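Have a look at run_32.tsv; it's TSV, C-alpha atoms and all ligand atoms:
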```
chain	number	residue	atom	x	y	z
A	8	MET	CA	30.48	-19.25	-57.68
A	9	SER	CA	26.95	-19.20	-56.49
A	10	ASP	CA	27.17	-23.02	-56.22
A	11	ASN	CA	29.84	-22.61	-53.53
A	12	ASN	CA	27.59	-20.26	-51.64
A	13	SER	CA	24.74	-22.74	-51.66
A	14	ASN	CA	26.95	-25.26	-49.81
A	15	GLN	CA	27.42	-22.84	-46.95
A	16	PRO	CA	25.16	-23.46	-43.94
A	17	LYS	CA	22.43	-20.85	-43.76
A	18	LEU	CA	23.18	-18.39	-40.98
A	19	THR	CA	20.28	-16.83	-39.12
A	20	PRO	CA	20.35	-13.22	-37.97
A	21	VAL	CA	19.21	-12.89	-34.34
A	22	SER	CA	16.64	-10.30	-35.47
A	23	GLU	CA	14.80	-13.08	-37.33
A	24	LEU	CA	13.84	-14.69	-34.01
A	25	GLY	CA	13.32	-11.60	-31.86
A	26	GLU	CA	14.02	-11.55	-28.10
A	27	PHE	CA	11.45	-14.13	-27.01
A	28	GLY	CA	12.08	-16.39	-30.01
A	29	LEU	CA	15.80	-16.33	-29.26
A	30	ILE	CA	15.30	-17.23	-25.58
A	31	GLU	CA	13.06	-20.13	-26.63
A	32	HIS	CA	15.51	-21.30	-29.29
A	33	LEU	CA	18.57	-21.23	-27.02
A	34	ASN	CA	16.79	-23.09	-24.25
A	35	LYS	CA	14.88	-25.69	-26.24
A	36	ASN	CA	17.23	-28.45	-25.12
A	37	ALA	CA	17.44	-27.37	-21.50
A	38	ARG	CA	16.28	-30.11	-19.11
A	39	ASN	CA	16.07	-29.84	-15.35
A	40	SER	CA	17.47	-32.71	-13.33
A	41	ASN	CA	17.00	-31.30	-9.82
A	42	ALA	CA	13.76	-31.84	-7.97
A	43	SER	CA	14.33	-28.50	-6.25
A	44	THR	CA	13.84	-26.64	-9.56
A	45	LEU	CA	10.10	-25.89	-9.41
A	46	LYS	CA	10.00	-23.29	-12.20
A	47	SER	CA	12.82	-22.47	-14.57
A	48	ILE	CA	12.63	-20.31	-17.70
A	49	GLY	CA	9.43	-18.54	-18.65
A	50	ASP	CA	8.15	-16.55	-15.69
A	51	ASP	CA	9.13	-13.27	-14.01
A	52	ALA	CA	11.44	-15.24	-11.74
A	53	ALA	CA	12.63	-18.82	-11.32
A	54	VAL	CA	11.32	-20.72	-8.29
A	55	ILE	CA	13.41	-23.21	-6.33
A	56	GLN	CA	12.57	-25.15	-3.21
A	57	TYR	CA	15.05	-26.45	-0.63
A	58	GLU	CA	12.76	-26.73	2.33
A	59	LYS	CA	9.19	-27.77	2.87
A	60	ASP	CA	6.49	-25.06	2.52
A	61	LYS	CA	8.98	-22.34	1.54
A	62	VAL	CA	10.46	-21.35	-1.83
A	63	THR	CA	13.18	-19.05	-3.11
A	64	VAL	CA	12.57	-16.91	-6.21
A	65	ILE	CA	15.36	-15.53	-8.38
A	66	SER	CA	15.27	-12.97	-11.16
A	67	THR	CA	18.01	-11.25	-13.14
A	68	ASP	CA	18.05	-8.25	-15.51
A	69	LEU	CA	20.72	-6.56	-17.56
A	70	LEU	CA	20.90	-2.82	-18.29
A	71	VAL	CA	23.20	-1.84	-21.15
A	72	GLU	CA	24.33	1.71	-21.95
A	73	GLY	CA	22.96	2.85	-25.31
A	74	ILE	CA	20.29	0.12	-25.27
A	75	HIS	CA	18.45	0.51	-21.96
A	76	PHE	CA	19.74	3.91	-20.88
A	77	ASP	CA	21.41	6.98	-22.36
A	78	MET	CA	24.05	8.75	-20.29
A	79	VAL	CA	22.99	12.12	-21.76
A	80	TYR	CA	19.81	12.19	-19.68
A	81	THR	CA	20.07	9.41	-17.11
A	82	PRO	CA	21.23	10.62	-13.68
A	83	LEU	CA	23.58	7.95	-12.30
A	84	LYS	CA	21.76	7.75	-8.98
A	85	HIS	CA	18.50	7.01	-10.80
A	86	LEU	CA	20.24	4.39	-12.91
A	87	GLY	CA	21.40	2.52	-9.80
A	88	TYR	CA	17.92	2.75	-8.31
A	89	LYS	CA	16.24	1.55	-11.51
A	90	ALA	CA	18.63	-1.39	-11.95
A	91	VAL	CA	17.46	-2.68	-8.57
A	92	ALA	CA	13.81	-1.63	-8.92
A	93	VAL	CA	13.17	-3.55	-12.16
A	94	ASN	CA	14.43	-6.75	-10.55
A	95	LEU	CA	12.40	-6.31	-7.38
A	96	SER	CA	9.36	-5.78	-9.62
A	97	ASP	CA	9.85	-9.32	-11.00
A	98	ILE	CA	10.02	-10.73	-7.46
A	99	TYR	CA	6.78	-8.94	-6.44
A	100	ALA	CA	5.18	-10.23	-9.67
A	101	MET	CA	5.64	-13.74	-8.23
A	102	ASN	CA	3.85	-12.57	-5.06
A	103	ALA	CA	7.12	-13.01	-3.19
A	104	THR	CA	9.24	-10.77	-0.92
A	105	PRO	CA	12.74	-9.77	-2.09
A	106	ARG	CA	15.49	-10.23	0.51
A	107	GLN	CA	18.88	-9.98	-1.25
A	108	ILE	CA	20.48	-8.68	-4.46
A	109	THR	CA	23.81	-9.11	-6.22
A	110	VAL	CA	25.18	-6.39	-8.53
A	111	SER	CA	27.56	-7.00	-11.43
A	112	MET	CA	29.08	-4.19	-13.45
A	113	ALA	CA	31.31	-3.72	-16.48
A	114	VAL	CA	32.73	-0.19	-16.44
A	115	SER	CA	34.53	1.76	-19.16
A	116	SER	CA	37.36	4.16	-18.32
A	117	ARG	CA	35.00	7.12	-18.88
A	118	PHE	CA	33.54	6.47	-15.43
A	119	THR	CA	35.26	7.93	-12.37
A	120	VAL	CA	35.03	6.58	-8.85
A	121	GLU	CA	32.75	9.53	-8.04
A	122	ALA	CA	30.40	8.52	-10.88
A	123	LEU	CA	30.27	4.93	-9.61
A	124	ASP	CA	29.59	6.26	-6.10
A	125	GLU	CA	26.51	7.96	-7.53
A	126	ILE	CA	25.26	4.69	-9.06
A	127	TYR	CA	25.80	2.96	-5.73
A	128	ALA	CA	23.98	5.74	-3.87
A	129	GLY	CA	20.93	4.81	-5.99
A	130	ILE	CA	21.47	1.09	-5.39
A	131	HIS	CA	21.68	1.64	-1.62
A	132	THR	CA	18.59	3.87	-1.63
A	133	ALA	CA	16.61	1.11	-3.33
A	134	CYS	CA	18.01	-1.47	-0.88
A	135	ASN	CA	16.93	0.68	2.09
A	136	THR	CA	13.52	1.49	0.60
A	137	PHE	CA	12.62	-2.14	-0.10
A	138	ASP	CA	14.58	-3.68	2.75
A	139	VAL	CA	16.92	-5.87	0.71
A	140	ASP	CA	20.60	-6.64	1.34
A	141	LEU	CA	23.35	-6.26	-1.25
A	142	ILE	CA	25.32	-9.49	-0.81
A	143	GLY	CA	27.78	-9.65	-3.72
A	144	GLY	CA	28.38	-9.30	-7.44
A	145	ASP	CA	31.21	-8.95	-9.93
A	146	THR	CA	33.19	-6.05	-11.42
A	147	SER	CA	34.98	-5.85	-14.74
A	148	SER	CA	36.24	-3.23	-17.16
A	149	SER	CA	34.41	-2.69	-20.43
A	150	ARG	CA	35.58	-1.29	-23.78
A	151	LEU	CA	32.19	0.04	-24.71
A	152	GLY	CA	30.09	1.76	-22.09
A	153	LEU	CA	28.51	0.64	-18.89
A	154	VAL	CA	26.66	-2.61	-18.22
A	155	ILE	CA	24.85	-3.31	-14.95
A	156	SER	CA	23.27	-6.63	-14.07
A	157	VAL	CA	21.28	-7.14	-10.90
A	158	THR	CA	20.03	-10.45	-9.56
A	159	ALA	CA	17.29	-10.38	-6.96
A	160	ILE	CA	16.50	-13.21	-4.56
A	161	GLY	CA	13.24	-13.42	-2.66
A	162	GLU	CA	11.17	-15.78	-0.55
A	163	ALA	CA	7.57	-16.88	-0.34
A	164	LYS	CA	5.41	-19.55	1.18
A	165	ALA	CA	5.13	-22.26	-1.48
A	166	GLU	CA	1.33	-21.87	-1.61
A	167	ASP	CA	1.54	-18.08	-2.15
A	168	VAL	CA	3.58	-18.04	-5.38
A	169	VAL	CA	1.67	-16.78	-8.42
A	170	TYR	CA	2.76	-17.90	-11.89
A	171	ARG	CA	1.91	-16.69	-15.40
A	172	ASN	CA	0.38	-19.98	-16.52
A	173	THR	CA	-2.56	-20.37	-14.13
A	174	ALA	CA	-5.18	-17.86	-15.36
A	175	GLN	CA	-8.68	-19.42	-15.45
A	176	VAL	CA	-11.53	-18.92	-17.90
A	177	GLY	CA	-13.95	-16.37	-16.40
A	178	ASP	CA	-11.26	-14.54	-14.38
A	179	MET	CA	-11.18	-10.76	-14.38
A	180	ILE	CA	-8.07	-9.03	-15.70
A	181	CYS	CA	-6.77	-6.32	-13.37
A	182	MET	CA	-4.02	-3.70	-13.74
A	183	THR	CA	-2.54	-1.42	-11.09
A	184	GLY	CA	-1.74	2.30	-11.36
A	185	ASP	CA	-1.60	3.85	-14.81
A	186	LEU	CA	0.19	2.93	-18.02
A	187	GLY	CA	1.99	4.65	-20.89
A	188	GLY	CA	3.75	7.26	-18.73
A	189	ALA	CA	7.23	5.72	-18.87
A	190	TYR	CA	7.13	5.56	-22.67
A	191	LEU	CA	6.11	9.20	-22.96
A	192	GLY	CA	8.78	10.17	-20.41
A	193	LEU	CA	11.33	8.56	-22.72
A	194	GLN	CA	9.96	10.45	-25.73
A	195	ILE	CA	10.31	13.74	-23.82
A	196	LEU	CA	13.89	12.95	-22.76
A	197	GLU	CA	14.80	11.97	-26.34
A	198	ARG	CA	13.28	15.18	-27.67
A	199	GLU	CA	15.20	17.31	-25.15
A	200	LYS	CA	18.38	15.41	-26.01
A	201	GLN	CA	18.02	16.41	-29.66
A	202	VAL	CA	17.48	20.04	-28.64
A	203	PHE	CA	20.58	19.88	-26.41
A	204	LEU	CA	22.70	18.25	-29.14
A	205	ALA	CA	21.70	21.00	-31.57
A	206	ASP	CA	22.56	23.76	-29.08
A	207	SER	CA	24.40	22.86	-25.88
A	208	ASN	CA	23.41	26.21	-24.32
A	209	MET	CA	19.79	25.07	-24.25
A	210	LYS	CA	18.85	23.90	-20.77
A	211	PRO	CA	15.90	21.51	-20.86
A	212	ASP	CA	12.92	22.53	-18.75
A	213	LEU	CA	11.28	19.30	-17.66
A	214	THR	CA	9.17	20.69	-14.81
A	215	ALA	CA	5.93	20.38	-16.81
A	216	SER	CA	6.78	16.74	-17.57
A	217	LYS	CA	7.89	15.80	-14.07
A	218	TYR	CA	5.51	12.88	-13.64
A	219	LEU	CA	6.26	11.28	-17.00
A	220	VAL	CA	10.03	11.72	-16.76
A	221	ALA	CA	10.00	10.22	-13.25
A	222	ARG	CA	8.02	7.22	-14.57
A	223	GLN	CA	10.86	6.58	-17.03
A	224	LEU	CA	13.87	7.36	-14.85
A	225	LYS	CA	12.70	6.20	-11.44
A	226	PRO	CA	10.19	3.35	-11.70
A	227	GLU	CA	8.70	2.18	-8.41
A	228	PRO	CA	8.10	-1.57	-7.97
A	229	ARG	CA	4.64	-2.24	-6.51
A	230	ASN	CA	5.40	-3.84	-3.15
A	231	ASP	CA	2.39	-1.90	-1.80
A	232	ILE	CA	0.05	-3.86	-4.08
A	233	ILE	CA	1.35	-7.21	-2.86
A	234	GLU	CA	0.69	-5.98	0.68
A	235	ILE	CA	-2.87	-4.81	-0.09
A	236	LEU	CA	-3.75	-8.10	-1.79
A	237	ARG	CA	-2.33	-10.05	1.13
A	238	ASN	CA	-4.32	-8.00	3.64
A	239	MET	CA	-7.49	-8.52	1.60
A	240	LYS	CA	-6.73	-12.25	1.43
A	241	ILE	CA	-6.81	-12.08	-2.36
A	242	LYS	CA	-4.45	-14.33	-4.28
A	243	PRO	CA	-4.30	-13.56	-8.02
A	244	THR	CA	-4.67	-16.60	-10.26
A	245	ALA	CA	-1.84	-15.38	-12.54
A	246	MET	CA	0.45	-12.36	-12.46
A	247	ILE	CA	3.21	-10.55	-14.42
A	248	ASP	CA	4.81	-7.14	-14.13
A	249	ILE	CA	4.26	-4.81	-17.08
A	250	SER	CA	7.74	-4.30	-18.46
A	251	ASP	CA	7.18	-4.80	-22.19
A	252	GLY	CA	3.74	-3.16	-22.61
A	253	LEU	CA	0.25	-4.29	-21.65
A	254	SER	CA	-0.42	-6.21	-24.92
A	255	SER	CA	2.79	-8.18	-24.82
A	256	ASP	CA	2.55	-8.97	-21.11
A	257	LEU	CA	-1.14	-9.96	-21.22
A	258	LEU	CA	-0.32	-12.24	-24.15
A	259	HIS	CA	2.37	-13.92	-22.02
A	260	ILE	CA	-0.33	-14.79	-19.47
A	261	CYS	CA	-2.73	-15.98	-22.22
A	262	ASN	CA	-0.12	-18.07	-24.05
A	263	GLN	CA	1.22	-19.69	-20.92
A	264	SER	CA	-2.22	-20.30	-19.40
A	265	ASN	CA	-3.63	-21.42	-22.75
A	266	VAL	CA	-6.60	-19.05	-22.54
A	267	GLY	CA	-8.10	-16.19	-24.55
A	268	CYS	CA	-9.02	-12.69	-23.42
A	269	ASP	CA	-11.23	-9.69	-24.05
A	270	LEU	CA	-9.45	-6.43	-23.19
A	271	PHE	CA	-11.40	-3.17	-22.99
A	272	GLU	CA	-9.40	-0.09	-23.95
A	273	GLU	CA	-11.75	2.34	-22.19
A	274	ASN	CA	-10.96	0.69	-18.84
A	275	ILE	CA	-7.17	1.01	-19.17
A	276	LYS	CA	-6.05	3.68	-16.73
A	277	LEU	CA	-4.01	6.62	-18.05
A	278	HIS	CA	-2.60	9.51	-15.99
A	279	PRO	CA	-3.94	12.95	-17.08
A	280	ASP	CA	-0.37	13.98	-18.01
A	281	THR	CA	-0.06	10.89	-20.22
A	282	LEU	CA	-3.28	11.79	-22.01
A	283	GLU	CA	-2.31	15.44	-22.48
A	284	THR	CA	1.26	14.80	-23.62
A	285	ALA	CA	0.29	11.98	-25.99
A	286	MET	CA	-2.24	14.30	-27.65
A	287	LYS	CA	0.36	17.07	-27.94
A	288	MET	CA	2.89	14.69	-29.46
A	289	GLY	CA	0.34	13.22	-31.86
A	290	LEU	CA	0.62	9.72	-30.34
A	291	PRO	CA	-2.48	7.59	-29.68
A	292	PRO	CA	-2.58	7.56	-25.83
A	293	PHE	CA	-3.87	3.99	-25.44
A	294	THR	CA	-1.19	2.71	-27.81
A	295	CYS	CA	1.39	4.19	-25.39
A	296	ALA	CA	-0.16	2.01	-22.67
A	297	LEU	CA	-0.54	-1.11	-24.82
A	298	SER	CA	2.88	-1.06	-26.44
A	299	GLY	CA	5.02	1.37	-24.44
A	300	GLY	CA	6.43	-0.74	-21.62
A	301	GLU	CA	8.62	0.04	-18.60
A	302	ASP	CA	5.75	1.14	-16.37
A	303	TYR	CA	6.45	-1.70	-13.92
A	304	GLU	CA	2.84	-1.91	-12.83
A	305	LEU	CA	1.34	-5.31	-12.05
A	306	LEU	CA	-1.06	-7.14	-14.35
A	307	PHE	CA	-2.98	-10.02	-12.83
A	308	THR	CA	-6.03	-12.19	-13.17
A	309	VAL	CA	-8.44	-12.87	-10.31
A	310	ASN	CA	-11.53	-14.84	-9.57
A	311	PRO	CA	-14.56	-12.56	-10.37
A	312	LYS	CA	-15.64	-12.37	-6.70
A	313	ASP	CA	-12.19	-10.96	-5.80
A	314	GLY	CA	-12.27	-8.74	-8.89
A	315	GLU	CA	-15.53	-7.15	-7.71
A	316	ARG	CA	-13.91	-6.30	-4.36
A	317	LEU	CA	-10.88	-4.75	-6.09
A	318	ARG	CA	-13.08	-2.68	-8.41
A	319	GLU	CA	-13.95	-0.52	-5.37
A	320	ILE	CA	-10.32	0.18	-4.47
A	321	GLN	CA	-8.33	3.07	-5.82
A	322	GLY	CA	-5.27	2.04	-7.79
A	323	PHE	CA	-6.83	-1.10	-9.28
A	324	SER	CA	-8.62	-1.21	-12.64
A	325	ILE	CA	-10.58	-4.12	-14.06
A	326	ILE	CA	-9.71	-4.05	-17.76
A	327	GLY	CA	-10.97	-7.31	-19.18
A	328	ARG	CA	-11.94	-10.92	-18.87
A	329	ILE	CA	-10.19	-14.25	-19.49
A	330	THR	CA	-12.00	-16.39	-22.09
A	331	GLU	CA	-11.54	-19.85	-23.57
A	332	ALA	CA	-8.50	-20.20	-25.85
A	333	THR	CA	-10.73	-20.91	-28.86
A	334	LYS	CA	-12.42	-17.50	-28.45
A	335	GLY	CA	-9.11	-15.74	-29.28
A	336	ARG	CA	-7.47	-12.64	-27.79
A	337	TYR	CA	-9.20	-9.36	-28.52
A	338	LEU	CA	-8.92	-5.67	-27.82
A	339	TYR	CA	-12.14	-3.62	-27.90
A	340	THR	CA	-11.24	-0.01	-28.68
A	341	GLN	CA	-12.98	2.97	-27.11
A	342	LYS	CA	-15.04	3.26	-30.27
A	343	GLY	CA	-16.18	-0.35	-29.87
A	344	VAL	CA	-14.06	-1.75	-32.72
A	345	LYS	CA	-12.76	-5.28	-32.12
A	346	HIS	CA	-9.09	-5.98	-32.98
A	347	GLU	CA	-6.96	-9.03	-32.48
A	348	LEU	CA	-4.59	-8.31	-29.57
A	349	VAL	CA	-1.02	-8.25	-30.86
A	350	ALA	CA	2.28	-7.61	-29.12
A	351	GLN	CA	3.19	-4.57	-31.13
A	352	GLY	CA	6.49	-2.76	-30.86
A	353	TRP	CA	6.39	0.90	-31.77
A	354	LYS	CA	8.46	0.29	-34.87
A	355	HIS	CA	5.50	-1.60	-36.39
A	356	ILE	CA	2.96	1.13	-35.87
B	1	LIG	P1	11.13	-10.24	-17.56
B	1	LIG	O1	10.70	-9.27	-18.62
B	1	LIG	O2	10.05	-10.60	-16.60
B	1	LIG	O3	12.43	-9.83	-16.87
B	1	LIG	P2	12.28	-11.75	-19.68
B	1	LIG	O4	11.35	-11.46	-20.80
B	1	LIG	O5	13.56	-10.98	-19.61
B	1	LIG	O6	11.48	-11.61	-18.30
B	1	LIG	O7	12.66	-13.28	-19.70
B	1	LIG	C1	11.66	-14.28	-19.86
B	1	LIG	C2	12.19	-15.59	-19.32
B	1	LIG	O8	13.34	-16.04	-20.07
B	1	LIG	C3	12.67	-15.52	-17.87
B	1	LIG	O9	12.31	-16.73	-17.25
B	1	LIG	C4	14.18	-15.41	-18.00
B	1	LIG	O10	14.84	-15.92	-16.86
B	1	LIG	C5	14.45	-16.26	-19.22
B	1	LIG	N1	15.68	-15.87	-19.96
B	1	LIG	C6	15.96	-14.67	-20.50
B	1	LIG	N2	17.16	-14.68	-21.14
B	1	LIG	C7	17.67	-15.93	-20.97
B	1	LIG	C8	18.87	-16.59	-21.38
B	1	LIG	N3	19.80	-15.94	-22.09
B	1	LIG	N4	19.04	-17.88	-21.03
B	1	LIG	C9	18.12	-18.53	-20.29
B	1	LIG	N5	16.96	-17.98	-19.89
B	1	LIG	C10	16.72	-16.69	-20.21
B	2	MG	MG	8.74	-9.48	-15.41
```

What do you get writing this file as structure tokens?
Ligand code: ADP
Ligand code: MG
Amino acid sequence: MSDNNSNQPKLTPVSELGEFGLIEHLNKNARNSNASTLKSIGDDAAVIQYEKDKVTVISTDLLVEGIHFDMVYTPLKHLGYKAVAVNLSDIYAMNATPRQITVSMAVSSRFTVEALDEIYAGIHTACNTFDVDLIGGDTSSSRLGLVISVTAIGEAKAEDVVYRNTAQVGDMICMTGDLGGAYLGLQILEREKQVFLADSNMKPDLTASKYLVARQLKPEPRNDIIEILRNMKIKPTAMIDISDGLSSDLLHICNQSNVGCDLFEENIKLHPDTLETAMKMGLPPFTCALSGGEDYELLFTVNPKDGERLREIQGFSIIGRITEATKGRYLYTQKGVKHELVAQGWKHI
């Protein structure tokens, strides 16, 4: 009996590989045969080149009901806006300018035309805000919930594109805005959902948590940062948007650039509401920033002389230094304790 079983090929659960392991596994045999493919899998967006001096960047993201959003607390207009915003964030993370999007949707019969109008109101608001054109997509029915996929297309001068794999030893590590807010916003929404499910007469009062909830429901891609850097004639050496959490995204830069890093917790910027709410909820505030994700800020490395100039400017924080690969990747906590930097999901904490 057990002998029969041993003849069966061993099947691997997807969870054994994790998201990044799975992407790597599925694409290990992929080979590019077109000279126009400058960068394929592995960055915030792919880069292709059809004409001299100019490139096109393309990024796609999928939002799935029950995985990426919960209909109980996600206003449809915000959902449409966010589906576009997260893609534009990837285009800005390449130091490029988004120009067009396509939108594909699978819709279950629970959704009325009026509900879909709301989603599209959010999509159009994002298109107007960031000056991009909606040029196509696909529509299907779905048996289980709503799925939205947006593809964003942008352009850049070939010399302006910033990849993840070009950080240099000695560079400063810089983050924009503040981190951890989107994760705490989600915790607040989840908490209010439980209260609502227990007693549907309870109306959640989210006014005190406005900032954090907005960080979760309505992320703003940082086109303003790209503009500031351009005006200051600063080109980052490597860049990524912070979608998975600071630790995970900094490790992407380190792994792909084959460098190490020293990251200083005390320099990571937190909003006062993030600090206060994390304390109230009994969550370590810096862990929200390091592992929370979905803040859609930019993380980049710069030559130290550019880093010194950015240090003076509000909205930029110098949080560490790129080191040689052999030095390892380390986080120095506020108390001065040195830890290896790990891409930690909350479930492991
Ligand atoms: P981001 O968080 O910046 O959106 P992801 O972590 O989703 O990036 O993806 C990392 C890289 O893997 C990207 O280059 C993306 O295009 C690629 N990728 C993701 N899923 C697949 C897939 N199923 N097949 C091929 N490439 C994929
Ligand atoms: Mg990205």

Point out the residue among A:Leu317, A:Ala90, A:Val349, A:Ala285 with the least atom-to-atom distance to ligand LIG 1 (chain B), counting all atoms listed in the file.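 Selected residue with least distance to ligand LIG 1 (chain B): A:Ala90.
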
Calculate how many Å separate atom CA of A:Lys225 from atom CA of A:Leu86, rounding to one decimal. 7.9 Å

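With only C-alpha atoms as the basis for measurement, A:Val110 is the residue among A:Val110, A:Ala163, A:Leu33, A:Ala42 that approaches A:Thr67 most closely.
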
Pick from A:Ile241, A:Ala122, A:Gln107, A:Gly49 nearest to A:Ile142, counting only C-alpha atoms: A:Gln107

Please compute the atom CA of A:Asn102-atom CA of A:Val139 distance, one decimal, in Å. 15.8 Å

Counting all atoms listed in the file, what are the residues, protein, DNA or RNA alike, that approach ligand MG 2 (chain B) to within 9 Å? I want them as a ChimeraX atom specification. /A:50-52,66,93-94,96-98,100-101,247-251,256,303

Counting all atoms listed in the file, the option among A:Ala174, A:Leu29, A:Ile232, A:Val220 closest to ligand LIG 1 (chain B):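 The shortest atom-to-atom distance to ligand LIG 1 (chain B) comes from A:Leu29.
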
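When all atoms listed in the file are used to compute distances to A:Lys312, the closest of the residues A:Asp178, A:Glu26, A:Glu31, A:Glu227 turns out to be A:Asp178.
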
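The gap separating atom CA of A:Met78 from atom CA of A:Arg150 is 15.7 Å, in Å to one decimal.
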
Residues proximal to (5.7, 2.1, -4.8) were defined as those with any atom within 12 Å of that point in the file's coordinates, counting only C-alpha atoms. Which are they, as a PyMOL selection string? chain A and resi 92-93+95-96+99+133+136-137+183-184+222+225-235+302-305+322
